[in-house]
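Asks: File structure-v3.tsv follows (TSV, C-alpha atoms):
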chain	number	residue	atom	x	y	z
A	1116	MET	CA	-13.78	47.12	42.58
A	1117	LYS	CA	-14.11	46.00	38.97
A	1118	ASN	CA	-11.76	48.77	37.84
A	1119	PHE	CA	-9.23	47.73	40.51
A	1120	ILE	CA	-9.24	44.12	39.29
A	1121	LYS	CA	-8.80	45.27	35.70
A	1122	GLU	CA	-5.84	47.49	36.63
A	1123	PHE	CA	-4.26	44.72	38.69
A	1124	LYS	CA	-4.65	42.24	35.84
A	1125	GLU	CA	-2.97	44.65	33.40
A	1126	PHE	CA	-0.13	45.22	35.87
A	1127	ALA	CA	0.42	41.54	36.69
A	1128	LEU	CA	0.42	40.42	33.08
A	1129	LYS	CA	2.77	43.08	31.75
A	1130	GLY	CA	5.94	41.73	30.19
A	1131	ASN	CA	8.25	43.37	32.73
A	1132	VAL	CA	6.51	41.78	35.71
A	1133	MET	CA	6.57	38.34	34.10
A	1134	ASP	CA	10.24	38.75	33.15
A	1135	LEU	CA	11.02	39.75	36.72
A	1136	ALA	CA	9.19	36.69	38.07
A	1137	VAL	CA	11.09	34.35	35.74
A	1138	GLY	CA	14.36	36.07	36.64
A	1139	MET	CA	13.66	35.65	40.36
A	1140	MET	CA	12.94	31.93	39.92
A	1141	ILE	CA	16.12	31.38	37.92
A	1142	GLY	CA	18.08	33.49	40.41
A	1143	SER	CA	16.75	31.41	43.28
A	1144	ALA	CA	17.80	28.17	41.61
A	1145	PHE	CA	21.18	29.65	40.69
A	1146	GLY	CA	21.61	30.75	44.32
A	1147	LYS	CA	21.18	27.15	45.48
A	1148	ILE	CA	23.81	25.98	43.00
A	1149	VAL	CA	26.27	28.64	44.11
A	1150	SER	CA	25.56	27.96	47.80
A	1151	SER	CA	26.33	24.28	47.20
A	1152	LEU	CA	29.49	25.22	45.33
A	1153	VAL	CA	30.62	27.33	48.29
A	1154	ALA	CA	29.61	24.92	51.06
A	1155	ASP	CA	30.43	21.57	49.42
A	1156	VAL	CA	33.34	22.29	47.08
A	1157	LEU	CA	35.21	25.49	47.84
A	1158	MET	CA	34.98	25.69	51.64
A	1159	PRO	CA	36.47	22.20	52.14
A	1160	LEU	CA	39.39	23.30	49.94
A	1161	ILE	CA	39.79	26.56	51.85
A	1162	SER	CA	39.48	24.68	55.14
A	1163	ALA	CA	42.23	22.28	54.08
A	1164	ILE	CA	44.50	25.23	53.25
A	1165	PHE	CA	43.84	27.11	56.52
A	1166	ARG	CA	43.61	23.90	58.63
A	1167	PHE	CA	40.18	24.45	60.19
A	1168	ASN	CA	36.68	23.39	59.25
A	1169	ASP	CA	34.82	26.65	58.80
A	1170	PHE	CA	35.31	30.37	59.26
A	1171	SER	CA	31.97	30.65	61.07
A	1172	GLY	CA	33.40	28.87	64.11
A	1173	LEU	CA	35.95	31.64	64.75
A	1174	LYS	CA	34.98	33.78	67.72
A	1175	VAL	CA	36.36	35.70	70.68
A	1176	LEU	CA	34.99	35.32	74.19
A	1177	LEU	CA	33.84	38.72	75.45
A	1178	ILE	CA	32.01	37.87	78.67
A	1179	ASP	CA	32.59	34.57	80.49
A	1180	LYS	CA	29.51	33.60	82.51
A	1181	GLY	CA	30.77	30.10	83.22
A	1182	ASP	CA	28.38	28.39	80.81
A	1183	PRO	CA	29.24	28.17	77.07
A	1184	GLU	CA	25.53	28.54	76.24
A	1185	VAL	CA	25.29	31.85	78.11
A	1186	ASN	CA	28.73	33.33	77.37
A	1187	VAL	CA	28.92	36.38	75.08
A	1188	TYR	CA	31.05	35.94	71.95
A	1189	LEU	CA	32.20	38.20	69.13
A	1190	ASN	CA	31.49	35.98	66.12
A	1191	TYR	CA	33.90	37.51	63.62
A	1192	GLY	CA	34.21	34.19	61.80
A	1193	GLN	CA	30.60	34.32	60.61
A	1194	PHE	CA	31.32	37.77	59.17
A	1195	ILE	CA	34.37	36.41	57.33
A	1196	GLN	CA	32.29	33.45	56.10
A	1197	ASN	CA	29.63	35.82	54.72
A	1198	ILE	CA	32.30	37.88	52.94
A	1199	VAL	CA	33.80	34.73	51.38
A	1200	ASP	CA	30.33	33.56	50.30
A	1201	PHE	CA	29.57	36.97	48.78
A	1202	LEU	CA	32.85	37.10	46.86
A	1203	ILE	CA	32.34	33.62	45.46
A	1204	VAL	CA	28.73	34.38	44.47
A	1205	ALA	CA	29.82	37.65	42.83
A	1206	LEU	CA	32.59	35.84	40.96
A	1207	CYS	CA	30.17	33.16	39.73
A	1208	ILE	CA	27.67	35.77	38.56
A	1209	PHE	CA	30.48	37.68	36.81
A	1210	TRP	CA	31.54	34.50	34.98
A	1211	LEU	CA	27.92	33.72	34.08
A	1212	VAL	CA	27.35	37.21	32.64
A	1213	LYS	CA	30.62	37.02	30.67
A	1214	PHE	CA	29.59	33.62	29.28
A	1215	ILE	CA	26.13	34.86	28.30
A	1216	ASN	CA	27.62	37.95	26.64
A	1217	LYS	CA	29.91	35.70	24.57
A	1218	LEU	CA	26.92	33.66	23.45
A	1219	LYS	CA	25.06	36.73	22.25
A	1220	LYS	CA	25.56	37.44	18.58
A	1221	LYS	CA	27.39	40.69	18.13
A	1222	PRO	CA	25.68	43.06	15.69
A	1223	GLU	CA	27.59	43.69	12.52
A	1224	PRO	CA	28.91	47.24	12.33
A	1225	GLU	CA	27.03	49.41	9.89
A	1226	PRO	CA	29.14	50.68	7.00
A	1227	GLU	CA	29.88	54.36	7.23
A	1228	PRO	CA	28.09	56.42	4.61
A	1229	ALA	CA	30.34	57.91	1.97
A	1230	ALA	CA	31.10	61.59	2.34
A	1231	PRO	CA	28.95	63.68	0.00
A	1232	GLU	CA	30.67	65.15	-3.06
A	1233	LYS	CA	31.56	68.82	-2.64
A	1234	SER	CA	29.83	71.22	-5.00
A	1235	ASP	CA	31.83	73.35	-7.44
A	1236	GLU	CA	30.91	76.52	-5.52
A	1237	LEU	CA	32.22	75.06	-2.25
A	1238	LYS	CA	35.47	73.99	-3.93
A	1239	ALA	CA	35.92	77.50	-5.36
A	1240	LEU	CA	35.25	79.10	-1.96
A	1241	GLU	CA	37.79	76.79	-0.28
A	1242	GLU	CA	40.38	77.78	-2.90
A	1243	ILE	CA	39.72	81.47	-2.26
A	1244	VAL	CA	40.06	80.98	1.50
A	1245	GLU	CA	43.32	79.13	0.96
A	1246	LEU	CA	44.70	81.93	-1.25
A	1247	LEU	CA	43.73	84.54	1.33
A	1248	LYS	CA	45.47	82.57	4.09
A	1249	ASN	CA	48.67	82.36	2.08
A	1250	LYS	CA	48.88	86.17	1.54
Could you show the structure in this file as structure tokens?

Replies:
Amino acid sequence: MKNFIKEFKEFALKGNVMDLAVGMMIGSAFGKIVSSLVADVLMPLISAIFRFNDFSGLKVLLIDKGDPEVNVYLNYGQFIQNIVDFLIVALCIFWLVKFINKLKKKPEPEPEPAAPEKSDELKALEEIVELLKNK
């Protein structure tokens, strides 16, 4: 049992696990911001353009049982709403990654090393090869 606790402690306190935990917390908070952006800012604009409140209300009646609570609907609007949400979240993440990459300092390119000087023997051999090619 003591060995198990020691192994678990080493695992839980590794840098990768802690980085993942911090990333999940930031991602969760970022998800709330993006959800608010979609629900409170962008969807009202999209609704004004398409003249209805929300995509999620779009549906087709499949089976009419006389009672709206019991009827069977194909809720294609919710699917469209989820696609719109996904595209907006993906776009926001793309912009965030681009912004972060711009903030990162680009490493300076290393100067290329100068070509080594050819030895006299190599120069003489190249001249001989050139003369033989010309014959």

Asks: Go through A:Val1153, A:Leu1176, A:Val1137, A:Leu1218 one by one, measure the shortest atom-to-atom distance of each to Val1199 (chain A) using only C-alpha atoms, and give the residue with the smallest value.

Replies: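 Of all the options, A:Val1153 lies closest to Val1199 (chain A).
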
Asks: At what distance in Å, to one decimal, does CA of Asp1200 (chain A) lie from CA of Pro1159 (chain A)?

Replies: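 Between CA of Pro1159 (chain A) and CA of Asp1200 (chain A) the gap is 13.0 Å.
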
Asks: Expressed in Å to a single decimal, how great is the separation between CA of Phe1145 (chain A) and CA of Phe1201 (chain A)?

Replies: 13.8 Å

Asks: Excluding same-chain residues fewer than 3 positions from Tyr1191 (chain A), what lies within 12 Å of it counting all atoms listed in the file, as number ranges by chain?

Replies: A: 1169-1177, 1188, 1194-1198

Asks: Fewer than 5 positions away in the same chain doesn't count, so skip those; otherwise give me all residues within 12 Å of Val1204 (chain A), counting all atoms listed in the file, as a VMD selection string.

Replies: chain A and resid 1142 1145 to 1154 1157 1197 to 1199 1209 to 1211

Asks: What would region 1219-1245 of chain A look like with N, CA, C and O atoms restored, written as a PDB file, in the coordinates of the input?

Replies:
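Final output, saved to out_13.pdb:
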ATOM      1  N   LYS A1219      25.868  35.800  23.029  1.00  0.00           N
ATOM      2  CA  LYS A1219      25.060  36.730  22.250  1.00  0.00           C
ATOM      3  C   LYS A1219      25.773  37.058  20.946  1.00  0.00           C
ATOM      4  O   LYS A1219      26.976  37.255  20.915  1.00  0.00           O
ATOM      5  N   LYS A1220      24.999  37.099  19.886  1.00  0.00           N
ATOM      6  CA  LYS A1220      25.560  37.440  18.580  1.00  0.00           C
ATOM      7  C   LYS A1220      25.814  38.931  18.534  1.00  0.00           C
ATOM      8  O   LYS A1220      24.924  39.733  18.795  1.00  0.00           O
ATOM      9  N   LYS A1221      27.043  39.291  18.202  1.00  0.00           N
ATOM     10  CA  LYS A1221      27.390  40.690  18.130  1.00  0.00           C
ATOM     11  C   LYS A1221      26.839  41.280  16.834  1.00  0.00           C
ATOM     12  O   LYS A1221      26.971  40.681  15.777  1.00  0.00           O
ATOM     13  N   PRO A1222      26.212  42.452  16.916  1.00  0.00           N
ATOM     14  CA  PRO A1222      25.680  43.060  15.690  1.00  0.00           C
ATOM     15  C   PRO A1222      26.815  43.486  14.775  1.00  0.00           C
ATOM     16  O   PRO A1222      27.862  43.935  15.228  1.00  0.00           O
ATOM     17  N   GLU A1223      26.584  43.292  13.494  1.00  0.00           N
ATOM     18  CA  GLU A1223      27.590  43.690  12.520  1.00  0.00           C
ATOM     19  C   GLU A1223      27.631  45.206  12.443  1.00  0.00           C
ATOM     20  O   GLU A1223      26.587  45.859  12.418  1.00  0.00           O
ATOM     21  N   PRO A1224      28.839  45.776  12.399  1.00  0.00           N
ATOM     22  CA  PRO A1224      28.910  47.240  12.330  1.00  0.00           C
ATOM     23  C   PRO A1224      28.359  47.742  11.000  1.00  0.00           C
ATOM     24  O   PRO A1224      28.585  47.143   9.955  1.00  0.00           O
ATOM     25  N   GLU A1225      27.619  48.835  11.102  1.00  0.00           N
ATOM     26  CA  GLU A1225      27.030  49.410   9.890  1.00  0.00           C
ATOM     27  C   GLU A1225      28.124  50.125   9.112  1.00  0.00           C
ATOM     28  O   GLU A1225      28.967  50.808   9.690  1.00  0.00           O
ATOM     29  N   PRO A1226      28.128  49.962   7.796  1.00  0.00           N
ATOM     30  CA  PRO A1226      29.140  50.680   7.000  1.00  0.00           C
ATOM     31  C   PRO A1226      28.898  52.179   7.090  1.00  0.00           C
ATOM     32  O   PRO A1226      27.761  52.642   7.103  1.00  0.00           O
ATOM     33  N   GLU A1227      30.001  52.915   7.148  1.00  0.00           N
ATOM     34  CA  GLU A1227      29.880  54.360   7.230  1.00  0.00           C
ATOM     35  C   GLU A1227      29.452  54.911   5.875  1.00  0.00           C
ATOM     36  O   GLU A1227      29.967  54.487   4.837  1.00  0.00           O
ATOM     37  N   PRO A1228      28.523  55.856   5.898  1.00  0.00           N
ATOM     38  CA  PRO A1228      28.090  56.420   4.610  1.00  0.00           C
ATOM     39  C   PRO A1228      29.233  57.220   3.995  1.00  0.00           C
ATOM     40  O   PRO A1228      30.039  57.837   4.681  1.00  0.00           O
ATOM     41  N   ALA A1229      29.291  57.181   2.683  1.00  0.00           N
ATOM     42  CA  ALA A1229      30.340  57.910   1.970  1.00  0.00           C
ATOM     43  C   ALA A1229      30.105  59.408   2.120  1.00  0.00           C
ATOM     44  O   ALA A1229      28.971  59.874   2.169  1.00  0.00           O
ATOM     45  N   ALA A1230      31.208  60.146   2.204  1.00  0.00           N
ATOM     46  CA  ALA A1230      31.100  61.590   2.340  1.00  0.00           C
ATOM     47  C   ALA A1230      30.497  62.163   1.059  1.00  0.00           C
ATOM     48  O   ALA A1230      30.854  61.746  -0.046  1.00  0.00           O
ATOM     49  N   PRO A1231      29.568  63.119   1.207  1.00  0.00           N
ATOM     50  CA  PRO A1231      28.950  63.680   0.000  1.00  0.00           C
ATOM     51  C   PRO A1231      29.971  64.464  -0.830  1.00  0.00           C
ATOM     52  O   PRO A1231      30.912  65.034  -0.291  1.00  0.00           O
ATOM     53  N   GLU A1232      29.786  64.434  -2.111  1.00  0.00           N
ATOM     54  CA  GLU A1232      30.670  65.150  -3.060  1.00  0.00           C
ATOM     55  C   GLU A1232      30.497  66.649  -2.855  1.00  0.00           C
ATOM     56  O   GLU A1232      29.382  67.149  -2.729  1.00  0.00           O
ATOM     57  N   LYS A1233      31.614  67.373  -2.814  1.00  0.00           N
ATOM     58  CA  LYS A1233      31.560  68.820  -2.640  1.00  0.00           C
ATOM     59  C   LYS A1233      31.119  69.465  -3.959  1.00  0.00           C
ATOM     60  O   LYS A1233      31.551  69.068  -5.039  1.00  0.00           O
ATOM     61  N   SER A1234      30.297  70.502  -3.802  1.00  0.00           N
ATOM     62  CA  SER A1234      29.830  71.220  -5.000  1.00  0.00           C
ATOM     63  C   SER A1234      30.969  72.092  -5.540  1.00  0.00           C
ATOM     64  O   SER A1234      31.937  72.398  -4.855  1.00  0.00           O
ATOM     65  N   ASP A1235      30.819  72.506  -6.790  1.00  0.00           N
ATOM     66  CA  ASP A1235      31.830  73.350  -7.440  1.00  0.00           C
ATOM     67  C   ASP A1235      31.975  74.685  -6.714  1.00  0.00           C
ATOM     68  O   ASP A1235      33.089  75.208  -6.563  1.00  0.00           O
ATOM     69  N   GLU A1236      30.852  75.249  -6.238  1.00  0.00           N
ATOM     70  CA  GLU A1236      30.910  76.520  -5.520  1.00  0.00           C
ATOM     71  C   GLU A1236      31.711  76.384  -4.233  1.00  0.00           C
ATOM     72  O   GLU A1236      32.517  77.255  -3.892  1.00  0.00           O
ATOM     73  N   LEU A1237      31.493  75.282  -3.499  1.00  0.00           N
ATOM     74  CA  LEU A1237      32.220  75.060  -2.250  1.00  0.00           C
ATOM     75  C   LEU A1237      33.701  74.884  -2.514  1.00  0.00           C
ATOM     76  O   LEU A1237      34.535  75.430  -1.775  1.00  0.00           O
ATOM     77  N   LYS A1238      34.054  74.166  -3.570  1.00  0.00           N
ATOM     78  CA  LYS A1238      35.470  73.990  -3.930  1.00  0.00           C
ATOM     79  C   LYS A1238      36.110  75.336  -4.247  1.00  0.00           C
ATOM     80  O   LYS A1238      37.228  75.631  -3.823  1.00  0.00           O
ATOM     81  N   ALA A1239      35.387  76.178  -4.994  1.00  0.00           N
ATOM     82  CA  ALA A1239      35.920  77.500  -5.360  1.00  0.00           C
ATOM     83  C   ALA A1239      36.099  78.368  -4.128  1.00  0.00           C
ATOM     84  O   ALA A1239      37.121  79.051  -3.973  1.00  0.00           O
ATOM     85  N   LEU A1240      35.136  78.326  -3.187  1.00  0.00           N
ATOM     86  CA  LEU A1240      35.250  79.100  -1.960  1.00  0.00           C
ATOM     87  C   LEU A1240      36.439  78.622  -1.110  1.00  0.00           C
ATOM     88  O   LEU A1240      37.145  79.432  -0.518  1.00  0.00           O
ATOM     89  N   GLU A1241      36.652  77.320  -1.039  1.00  0.00           N
ATOM     90  CA  GLU A1241      37.790  76.790  -0.280  1.00  0.00           C
ATOM     91  C   GLU A1241      39.112  77.241  -0.898  1.00  0.00           C
ATOM     92  O   GLU A1241      40.062  77.557  -0.180  1.00  0.00           O
ATOM     93  N   GLU A1242      39.172  77.300  -2.229  1.00  0.00           N
ATOM     94  CA  GLU A1242      40.380  77.780  -2.900  1.00  0.00           C
ATOM     95  C   GLU A1242      40.636  79.244  -2.591  1.00  0.00           C
ATOM     96  O   GLU A1242      41.779  79.654  -2.353  1.00  0.00           O
ATOM     97  N   ILE A1243      39.580  80.051  -2.576  1.00  0.00           N
ATOM     98  CA  ILE A1243      39.720  81.470  -2.260  1.00  0.00           C
ATOM     99  C   ILE A1243      40.209  81.652  -0.822  1.00  0.00           C
ATOM    100  O   ILE A1243      41.103  82.460  -0.563  1.00  0.00           O
ATOM    101  N   VAL A1244      39.643  80.915   0.093  1.00  0.00           N
ATOM    102  CA  VAL A1244      40.060  80.980   1.500  1.00  0.00           C
ATOM    103  C   VAL A1244      41.520  80.580   1.632  1.00  0.00           C
ATOM    104  O   VAL A1244      42.290  81.217   2.352  1.00  0.00           O
ATOM    105  N   GLU A1245      41.923  79.584   0.926  1.00  0.00           N
ATOM    106  CA  GLU A1245      43.320  79.130   0.960  1.00  0.00           C
ATOM    107  C   GLU A1245      44.261  80.186   0.426  1.00  0.00           C
ATOM    108  O   GLU A1245      45.335  80.429   0.970  1.00  0.00           O
TER     109      GLU A1245
END
